[in-house]
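coords_10.tsv (TSV, N, CA and C atoms)
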```tsv
chain	number	residue	atom	x	y	z
A	709	LEU	N	6.55	4.36	19.09
A	709	LEU	CA	5.66	3.95	18.03
A	709	LEU	C	6.07	2.57	17.54
A	710	GLN	N	5.10	1.83	17.08
A	710	GLN	CA	5.35	0.51	16.50
A	710	GLN	C	4.51	0.39	15.24
A	711	VAL	N	5.12	-0.13	14.18
A	711	VAL	CA	4.43	-0.29	12.90
A	711	VAL	C	4.53	-1.74	12.47
A	712	GLN	N	3.40	-2.32	12.09
A	712	GLN	CA	3.34	-3.69	11.59
A	712	GLN	C	2.65	-3.67	10.24
A	713	ARG	N	3.13	-4.51	9.33
A	713	ARG	CA	2.51	-4.62	8.00
A	713	ARG	C	2.25	-6.08	7.72
A	714	GLN	N	1.04	-6.38	7.26
A	714	GLN	CA	0.72	-7.77	6.96
A	714	GLN	C	-0.19	-7.87	5.74
A	715	MET	N	-0.01	-8.97	5.00
A	715	MET	CA	-0.88	-9.24	3.88
A	715	MET	C	-2.17	-9.82	4.43
A	716	ILE	N	-3.29	-9.27	4.01
A	716	ILE	CA	-4.60	-9.72	4.47
A	716	ILE	C	-5.16	-10.77	3.52
A	717	ASP	N	-4.99	-10.53	2.22
A	717	ASP	CA	-5.58	-11.43	1.24
A	717	ASP	C	-4.83	-11.30	-0.08
A	718	LYS	N	-4.84	-12.39	-0.84
A	718	LYS	CA	-4.36	-12.33	-2.22
A	718	LYS	C	-5.20	-13.30	-3.04
A	719	SER	N	-5.45	-12.91	-4.28
A	719	SER	CA	-6.27	-13.75	-5.14
A	719	SER	C	-5.80	-13.64	-6.57
A	720	ARG	N	-6.15	-14.64	-7.35
A	720	ARG	CA	-5.81	-14.67	-8.77
A	720	ARG	C	-7.08	-14.96	-9.55
A	721	ALA	N	-7.31	-14.22	-10.62
A	721	ALA	CA	-8.48	-14.44	-11.48
A	721	ALA	C	-8.06	-14.23	-12.92
A	722	MET	N	-8.84	-14.75	-13.84
A	722	MET	CA	-8.60	-14.54	-15.26
A	722	MET	C	-9.64	-13.54	-15.76
A	723	GLN	N	-9.19	-12.60	-16.58
A	723	GLN	CA	-10.09	-11.59	-17.13
A	723	GLN	C	-9.68	-11.41	-18.60
A	724	GLY	N	-10.49	-11.90	-19.49
A	724	GLY	CA	-10.12	-11.88	-20.91
A	724	GLY	C	-8.89	-12.76	-21.10
A	725	GLY	N	-7.87	-12.25	-21.73
A	725	GLY	CA	-6.63	-13.00	-21.93
A	725	GLY	C	-5.59	-12.72	-20.87
A	726	ASN	N	-5.96	-12.01	-19.83
A	726	ASN	CA	-5.01	-11.62	-18.79
A	726	ASN	C	-5.32	-12.28	-17.46
A	727	GLN	N	-4.30	-12.38	-16.64
A	727	GLN	CA	-4.53	-12.77	-15.26
A	727	GLN	C	-4.51	-11.52	-14.40
A	728	VAL	N	-5.36	-11.50	-13.39
A	728	VAL	CA	-5.46	-10.37	-12.48
A	728	VAL	C	-5.11	-10.88	-11.08
A	729	LEU	N	-4.06	-10.32	-10.51
A	729	LEU	CA	-3.64	-10.68	-9.16
A	729	LEU	C	-4.02	-9.52	-8.25
A	730	LYS	N	-4.74	-9.82	-7.16
A	730	LYS	CA	-5.13	-8.78	-6.20
A	730	LYS	C	-4.44	-9.06	-4.87
A	731	TYR	N	-3.94	-8.00	-4.27
A	731	TYR	CA	-3.27	-8.09	-2.97
A	731	TYR	C	-3.87	-7.04	-2.04
A	732	GLU	N	-4.11	-7.45	-0.80
A	732	GLU	CA	-4.64	-6.52	0.20
A	732	GLU	C	-3.72	-6.54	1.42
A	733	TYR	N	-3.33	-5.35	1.86
A	733	TYR	CA	-2.41	-5.21	2.99
A	733	TYR	C	-3.02	-4.34	4.08
A	734	ARG	N	-2.57	-4.58	5.31
A	734	ARG	CA	-2.95	-3.71	6.45
A	734	ARG	C	-1.68	-3.32	7.18
A	735	ILE	N	-1.57	-2.04	7.48
A	735	ILE	CA	-0.47	-1.50	8.27
A	735	ILE	C	-1.10	-1.00	9.57
A	736	LEU	N	-0.57	-1.45	10.70
A	736	LEU	CA	-1.05	-0.99	12.01
A	736	LEU	C	0.02	-0.11	12.65
A	737	VAL	N	-0.40	1.09	13.08
A	737	VAL	CA	0.51	2.01	13.76
A	737	VAL	C	0.03	2.11	15.20
A	738	SER	N	0.90	1.70	16.14
A	738	SER	CA	0.58	1.75	17.57
A	738	SER	C	1.43	2.81	18.24
A	739	SER	N	0.82	3.52	19.17
A	739	SER	CA	1.54	4.54	19.93
A	739	SER	C	1.53	4.19	21.41
A	740	TYR	N	2.69	4.28	22.01
A	740	TYR	CA	2.82	4.09	23.46
A	740	TYR	C	3.28	5.38	24.10
A	741	LYS	N	3.08	6.49	23.38
A	741	LYS	CA	3.50	7.80	23.86
A	741	LYS	C	2.36	8.46	24.64
A	742	SER	N	2.72	9.51	25.37
A	742	SER	CA	1.71	10.22	26.17
A	742	SER	C	1.17	11.45	25.45
A	743	GLU	N	1.70	11.76	24.25
A	743	GLU	CA	1.18	12.89	23.49
A	743	GLU	C	0.85	12.46	22.06
A	744	ARG	N	0.06	13.29	21.40
A	744	ARG	CA	-0.31	13.03	20.00
A	744	ARG	C	0.94	13.16	19.13
A	745	VAL	N	1.04	12.29	18.14
A	745	VAL	CA	2.21	12.27	17.26
A	745	VAL	C	1.74	12.35	15.81
A	746	ARG	N	2.42	13.19	15.03
A	746	ARG	CA	2.18	13.24	13.58
A	746	ARG	C	3.21	12.34	12.93
A	747	VAL	N	2.74	11.49	12.02
A	747	VAL	CA	3.63	10.53	11.39
A	747	VAL	C	3.26	10.35	9.92
A	748	GLN	N	4.26	10.09	9.10
A	748	GLN	CA	4.03	9.73	7.71
A	748	GLN	C	4.28	8.23	7.58
A	749	VAL	N	3.35	7.53	6.99
A	749	VAL	CA	3.50	6.11	6.72
A	749	VAL	C	3.68	5.96	5.22
A	750	TRP	N	4.75	5.26	4.81
A	750	TRP	CA	5.07	5.07	3.40
A	750	TRP	C	5.05	3.59	3.07
A	751	ASP	N	4.64	3.28	1.88
A	751	ASP	CA	4.75	1.92	1.35
A	751	ASP	C	4.92	2.03	-0.15
A	752	ARG	N	5.23	0.92	-0.79
A	752	ARG	CA	5.52	0.94	-2.22
A	752	ARG	C	4.72	-0.14	-2.93
A	753	LEU	N	4.14	0.23	-4.07
A	753	LEU	CA	3.50	-0.74	-4.94
A	753	LEU	C	4.56	-1.27	-5.90
A	754	PRO	N	4.34	-2.45	-6.47
A	754	PRO	CA	5.27	-2.92	-7.50
A	754	PRO	C	5.31	-1.92	-8.65
A	755	MET	N	6.44	-1.86	-9.32
A	755	MET	CA	6.60	-0.95	-10.46
A	755	MET	C	6.83	-1.78	-11.70
A	756	ALA	N	5.97	-1.60	-12.69
A	756	ALA	CA	6.11	-2.33	-13.95
A	756	ALA	C	7.26	-1.73	-14.75
A	757	GLU	N	8.17	-2.59	-15.20
A	757	GLU	CA	9.31	-2.12	-15.97
A	757	GLU	C	8.96	-1.89	-17.43
A	758	ASN	N	7.85	-2.48	-17.88
A	758	ASN	CA	7.43	-2.28	-19.26
A	758	ASN	C	5.91	-2.32	-19.33
A	759	GLU	N	5.39	-2.26	-20.52
A	759	GLU	CA	3.93	-2.17	-20.71
A	759	GLU	C	3.20	-3.50	-20.58
A	760	THR	N	3.93	-4.60	-20.33
A	760	THR	CA	3.27	-5.91	-20.28
A	760	THR	C	2.54	-6.15	-18.97
A	761	MET	N	2.71	-5.26	-17.99
A	761	MET	CA	2.05	-5.45	-16.70
A	761	MET	C	1.48	-4.11	-16.24
A	762	GLY	N	0.23	-4.13	-15.78
A	762	GLY	CA	-0.40	-2.93	-15.25
A	762	GLY	C	-0.54	-3.05	-13.74
A	763	VAL	N	-0.23	-1.98	-13.02
A	763	VAL	CA	-0.34	-1.95	-11.57
A	763	VAL	C	-1.28	-0.80	-11.21
A	764	SER	N	-2.30	-1.08	-10.41
A	764	SER	CA	-3.21	0.00	-10.02
A	764	SER	C	-3.67	-0.18	-8.58
A	765	LEU	N	-3.78	0.95	-7.89
A	765	LEU	CA	-4.30	0.98	-6.54
A	765	LEU	C	-5.82	0.92	-6.63
A	766	VAL	N	-6.42	-0.08	-5.99
A	766	VAL	CA	-7.86	-0.27	-6.06
A	766	VAL	C	-8.56	0.57	-5.00
A	767	LYS	N	-8.07	0.50	-3.76
A	767	LYS	CA	-8.66	1.30	-2.68
A	767	LYS	C	-7.66	1.45	-1.56
A	768	ALA	N	-7.86	2.51	-0.78
A	768	ALA	CA	-7.02	2.77	0.39
A	768	ALA	C	-7.88	3.43	1.45
A	769	SER	N	-7.69	3.00	2.69
A	769	SER	CA	-8.42	3.57	3.81
A	769	SER	C	-7.48	3.69	5.00
A	770	PRO	N	-7.27	4.90	5.51
A	770	PRO	CA	-7.80	6.18	5.04
A	770	PRO	C	-7.19	6.56	3.70
A	771	GLU	N	-7.68	7.64	3.13
A	771	GLU	CA	-7.15	8.12	1.85
A	771	GLU	C	-5.69	8.50	2.02
A	772	GLY	N	-4.95	8.40	0.92
A	772	GLY	CA	-3.53	8.78	0.94
A	772	GLY	C	-3.35	10.28	1.09
A	773	SER	N	-2.10	10.69	1.21
A	773	SER	CA	-1.73	12.09	1.38
A	773	SER	C	-2.22	12.94	0.21
A	774	LYS	N	-2.63	14.15	0.51
A	774	LYS	CA	-3.07	15.12	-0.51
A	774	LYS	C	-1.98	16.14	-0.80
A	775	ASP	N	-0.81	15.99	-0.20
A	775	ASP	CA	0.29	16.93	-0.38
A	775	ASP	C	0.66	17.04	-1.86
A	776	PRO	N	0.56	18.25	-2.45
A	776	PRO	CA	0.82	18.40	-3.88
A	776	PRO	C	2.22	17.95	-4.32
A	777	MET	N	3.23	18.21	-3.50
A	777	MET	CA	4.60	17.80	-3.84
A	777	MET	C	4.70	16.28	-3.91
A	778	TYR	N	4.10	15.59	-2.94
A	778	TYR	CA	4.08	14.12	-2.96
A	778	TYR	C	3.35	13.62	-4.21
A	779	LEU	N	2.17	14.18	-4.48
A	779	LEU	CA	1.37	13.73	-5.62
A	779	LEU	C	2.11	13.93	-6.95
A	780	ARG	N	2.91	14.97	-7.03
A	780	ARG	CA	3.63	15.26	-8.26
A	780	ARG	C	4.94	14.46	-8.37
A	781	GLU	N	5.67	14.33	-7.28
A	781	GLU	CA	7.02	13.76	-7.32
A	781	GLU	C	7.09	12.27	-7.00
A	782	GLU	N	6.31	11.81	-6.03
A	782	GLU	CA	6.47	10.45	-5.52
A	782	GLU	C	5.38	9.47	-5.97
A	783	ARG	N	4.12	9.93	-5.98
A	783	ARG	CA	3.02	9.02	-6.31
A	783	ARG	C	3.15	8.40	-7.70
A	784	PRO	N	3.63	9.14	-8.73
A	784	PRO	CA	3.79	8.52	-10.05
A	784	PRO	C	4.79	7.35	-10.06
A	785	HIS	N	5.62	7.26	-9.03
A	785	HIS	CA	6.59	6.16	-8.93
A	785	HIS	C	6.07	5.03	-8.04
A	786	ASN	N	4.75	4.99	-7.87
A	786	ASN	CA	4.06	3.95	-7.09
A	786	ASN	C	4.42	3.96	-5.61
A	787	LEU	N	4.79	5.12	-5.08
A	787	LEU	CA	5.00	5.26	-3.64
A	787	LEU	C	3.70	5.73	-3.01
A	788	LEU	N	3.33	5.09	-1.91
A	788	LEU	CA	2.11	5.44	-1.18
A	788	LEU	C	2.49	6.16	0.11
A	789	ARG	N	1.72	7.18	0.47
A	789	ARG	CA	2.01	7.93	1.70
A	789	ARG	C	0.71	8.31	2.38
A	790	TRP	N	0.69	8.14	3.69
A	790	TRP	CA	-0.42	8.58	4.52
A	790	TRP	C	0.13	9.53	5.57
A	791	ASP	N	-0.55	10.66	5.78
A	791	ASP	CA	-0.19	11.61	6.83
A	791	ASP	C	-1.18	11.41	7.97
A	792	LEU	N	-0.68	10.89	9.08
A	792	LEU	CA	-1.56	10.50	10.19
A	792	LEU	C	-1.23	11.25	11.47
A	793	GLU	N	-2.24	11.42	12.31
A	793	GLU	CA	-2.05	11.89	13.67
A	793	GLU	C	-2.48	10.75	14.58
A	794	ILE	N	-1.55	10.28	15.37
A	794	ILE	CA	-1.79	9.13	16.25
A	794	ILE	C	-1.96	9.66	17.67
A	795	ASP	N	-3.11	9.40	18.26
A	795	ASP	CA	-3.40	9.85	19.62
A	795	ASP	C	-2.65	9.00	20.64
A	796	PRO	N	-2.49	9.54	21.86
A	796	PRO	CA	-1.81	8.77	22.91
A	796	PRO	C	-2.53	7.44	23.18
A	797	GLU	N	-1.75	6.46	23.48
A	797	GLU	CA	-2.27	5.14	23.86
A	797	GLU	C	-3.10	4.47	22.77
A	798	MET	N	-2.89	4.84	21.50
A	798	MET	CA	-3.57	4.13	20.40
A	798	MET	C	-2.74	2.89	20.10
A	799	ASN	N	-3.08	1.80	20.77
A	799	ASN	CA	-2.36	0.55	20.54
A	799	ASN	C	-3.31	-0.61	20.80
A	800	GLY	N	-2.85	-1.80	20.48
A	800	GLY	CA	-3.72	-2.97	20.62
A	800	GLY	C	-4.91	-2.84	19.69
A	801	GLU	N	-6.10	-3.01	20.24
A	801	GLU	CA	-7.33	-2.90	19.44
A	801	GLU	C	-7.57	-1.48	18.93
A	802	LYS	N	-6.94	-0.49	19.57
A	802	LYS	CA	-7.15	0.91	19.19
A	802	LYS	C	-6.08	1.42	18.21
A	803	ALA	N	-5.19	0.56	17.75
A	803	ALA	CA	-4.12	0.98	16.84
A	803	ALA	C	-4.72	1.56	15.55
A	804	GLN	N	-4.03	2.54	14.98
A	804	GLN	CA	-4.46	3.15	13.71
A	804	GLN	C	-4.20	2.16	12.58
A	805	ALA	N	-5.24	1.81	11.84
A	805	ALA	CA	-5.09	0.87	10.73
A	805	ALA	C	-5.10	1.62	9.41
A	806	VAL	N	-4.21	1.21	8.52
A	806	VAL	CA	-4.18	1.69	7.14
A	806	VAL	C	-4.34	0.45	6.28
A	807	GLN	N	-5.37	0.41	5.45
A	807	GLN	CA	-5.58	-0.75	4.57
A	807	GLN	C	-5.58	-0.29	3.13
A	808	TYR	N	-4.99	-1.10	2.28
A	808	TYR	CA	-5.03	-0.79	0.85
A	808	TYR	C	-5.01	-2.07	0.05
A	809	GLU	N	-5.52	-1.95	-1.17
A	809	GLU	CA	-5.59	-3.09	-2.08
A	809	GLU	C	-5.10	-2.62	-3.43
A	810	PHE	N	-4.31	-3.46	-4.09
A	810	PHE	CA	-3.88	-3.14	-5.44
A	810	PHE	C	-4.00	-4.37	-6.31
A	811	LYS	N	-3.98	-4.14	-7.62
A	811	LYS	CA	-4.06	-5.27	-8.54
A	811	LYS	C	-2.98	-5.16	-9.60
A	812	LEU	N	-2.54	-6.33	-10.03
A	812	LEU	CA	-1.60	-6.46	-11.13
A	812	LEU	C	-2.34	-7.13	-12.27
A	813	GLU	N	-2.26	-6.57	-13.45
A	813	GLU	CA	-2.85	-7.20	-14.63
A	813	GLU	C	-1.71	-7.55	-15.57
A	814	LEU	N	-1.61	-8.84	-15.94
A	814	LEU	CA	-0.52	-9.29	-16.78
A	814	LEU	C	-0.96	-10.43	-17.68
A	815	ASP	N	-0.17	-10.69	-18.68
A	815	ASP	CA	-0.44	-11.77	-19.62
A	815	ASP	C	-0.57	-13.09	-18.89
A	816	ARG	N	-1.45	-13.95	-19.35
A	816	ARG	CA	-1.69	-15.22	-18.66
A	816	ARG	C	-0.45	-16.11	-18.64
A	817	GLN	N	0.51	-15.89	-19.55
A	817	GLN	CA	1.74	-16.70	-19.59
A	817	GLN	C	2.82	-16.20	-18.63
A	818	MET	N	2.70	-14.97	-18.15
A	818	MET	CA	3.71	-14.39	-17.29
A	818	MET	C	3.57	-14.93	-15.87
A	819	THR	N	4.69	-15.19	-15.21
A	819	THR	CA	4.67	-15.63	-13.81
A	819	THR	C	5.30	-14.57	-12.94
A	820	ILE	N	4.83	-14.52	-11.71
A	820	ILE	CA	5.33	-13.54	-10.74
A	820	ILE	C	5.98	-14.30	-9.59
A	821	GLY	N	7.20	-13.94	-9.26
A	821	GLY	CA	7.88	-14.47	-8.10
A	821	GLY	C	8.43	-13.29	-7.32
A	822	SER	N	7.92	-13.04	-6.15
A	822	SER	CA	8.29	-11.86	-5.37
A	822	SER	C	8.11	-10.58	-6.18
A	823	PHE	N	7.05	-10.53	-6.95
A	823	PHE	CA	6.67	-9.39	-7.79
A	823	PHE	C	7.64	-9.15	-8.94
A	824	GLN	N	8.50	-10.10	-9.25
A	824	GLN	CA	9.40	-9.98	-10.40
A	824	GLN	C	9.01	-11.02	-11.45
A	825	SER	N	8.97	-10.63	-12.70
A	825	SER	CA	8.68	-11.61	-13.74
A	825	SER	C	9.95	-12.40	-14.01
A	826	LYS	N	9.79	-13.67	-14.35
A	826	LYS	CA	10.96	-14.53	-14.56
A	826	LYS	C	11.20	-14.71	-16.03
```
Full structure transcribed into structure tokens:
Amino acid sequence: LQVQRQMIDKSRAMQGGNQVLKYEYRILVSSYKSERVRVQVWDRLPMAENETMGVSLVKASPEGSKDPMYLREERPHNLLRWDLEIDPEMNGEKAQAVQYEFKLELDRQMTIGSFQSK
């Protein structure tokens, strides 16, 4: 298996007195195996340390895991998980794609460097 993650787009906009930063990512899972494989793909959203920044998942395709334990224990900590079945030879143009977009809402005076406020 091979997994690649790349940023597809990022944008900045002003909304009221806040700035809104949007980020879109794609994760590609390729299989070079001869049998179907079940795999969990995990990623992490930024975690706001205080109330001055809001982080929200805008969309994800395919939908994230429905596992109740994950939803209760991990998702509240901004961890993302997808439960996938990857068919044999799903690679190149046929690789399984996971796309998601999230937004950060923060005060117009706050700056972000590697998702950390300075």
For Lys741 of chain A, which residue out of A:Asp815, A:Gln714, A:Leu709, A:Lys774 is the nearest one, using only N, CA and C atoms?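 Counting only N, CA and C atoms, the residue closest to Lys741 of chain A is A:Leu709.
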Between A:Val728, A:Val711, A:Val806, A:Leu788, which is the closest to Ser769 of chain A once you count all atoms listed in the file?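 Between A:Val728, A:Val711, A:Val806, A:Leu788, the residue approaching Ser769 of chain A most closely is A:Val806.
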Name the residues of segment 733-821 of chain A that fall into helix (DSSP H, G or I) according to DSSP on the backbone, using the chain letters and numbers of this document, as a PyMOL selection string. chain A and resi 776-781+783-785+800-802
Work out how far apart atom C of Leu814 of chain A and atom C of Arg734 of chain A are and give it in Å to one decimal.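 Atom C of Arg734 of chain A lies at a distance of 25.9 Å from atom C of Leu814 of chain A.
Residues with any atom within 9 Å of Gly772 of chain A, counting only C-alpha atoms and excluding same-chain neighbours fewer than 5 positions away, are Leu788, Arg789, Trp790 and Asp791 of chain A.
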Could you pull out the residues in chain A that DSSP calls strand (DSSP E) from the backbone, as a ChimeraX atom specification? /A:710-723,726-738,745-752,761-769,787-794,804-815,820-821,824-825
Go through A:Val763, A:Leu792, A:Met798, A:Leu729 and flag the residue nearest Val749 of chain A, using only N, CA and C atoms for the distances.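 For Val749 of chain A, the nearest of the given residues is A:Leu792.
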Taken to one decimal, the atom CA of Gln804 of chain A-atom CA of Ile716 of chain A distance is 15.8 Å
Within 6 Å of Lys811 of chain A, counting all atoms listed in the file, which residues qualify if same-chain residues fewer than 5 places away don't, as a list of chain:residue names? A:Leu729, A:Lys730, A:Tyr731, A:Gly762, A:Val763, A:Ser764, A:Leu765, A:Val766
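Between atom CA of Tyr778 of chain A and atom CA of Leu736 of chain A the separation is 21.9 Å.
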Could you put an axis-aligned box around every listed atom of segment 732-741 of chain A, padded by 3 Å on each side, and send me its centre and edge lengths in Å to one decimal, as lines of an AutoDock Vina configuration file?
```
center_x = -0.6
center_y = 0.5
center_z = 11.9
size_x = 14.1
size_y = 21.9
size_z = 31.4
```
List the spatial neighbours of Gln807 of chain A as number ranges by chain - criterion: any atom at most 7 Å away, only N, CA and C atoms, same-chain residues fewer than 4 positions off excluded. A: 732-735, 767-770
Using N, CA and C atoms, can you export the residues from the last selection as a short mmCIF file (atom, residue, chain, number, x, y, z; two decimals), in the frame of the given file?
```cif
data_model
loop_
_atom_site.label_atom_id
_atom_site.label_comp_id
_atom_site.auth_asym_id
_atom_site.auth_seq_id
_atom_site.Cartn_x
_atom_site.Cartn_y
_atom_site.Cartn_z
N GLU A 732 -4.11 -7.45 -0.80
CA GLU A 732 -4.64 -6.52 0.20
C GLU A 732 -3.72 -6.54 1.42
N TYR A 733 -3.33 -5.35 1.86
CA TYR A 733 -2.41 -5.21 2.99
C TYR A 733 -3.02 -4.34 4.08
N ARG A 734 -2.57 -4.58 5.31
CA ARG A 734 -2.95 -3.71 6.45
C ARG A 734 -1.68 -3.32 7.18
N ILE A 735 -1.57 -2.04 7.48
CA ILE A 735 -0.47 -1.50 8.27
C ILE A 735 -1.10 -1.00 9.57
N LYS A 767 -8.07 0.50 -3.76
CA LYS A 767 -8.66 1.30 -2.68
C LYS A 767 -7.66 1.45 -1.56
N ALA A 768 -7.86 2.51 -0.78
CA ALA A 768 -7.02 2.77 0.39
C ALA A 768 -7.88 3.43 1.45
N SER A 769 -7.69 3.00 2.69
CA SER A 769 -8.42 3.57 3.81
C SER A 769 -7.48 3.69 5.00
N PRO A 770 -7.27 4.90 5.51
CA PRO A 770 -7.80 6.18 5.04
C PRO A 770 -7.19 6.56 3.70
#
```
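Across A:Glu809, A:Asp775, A:Pro796, A:Ala803, the tightest approach to Val745 of chain A is made by A:Pro796 when counting only N, CA and C atoms.
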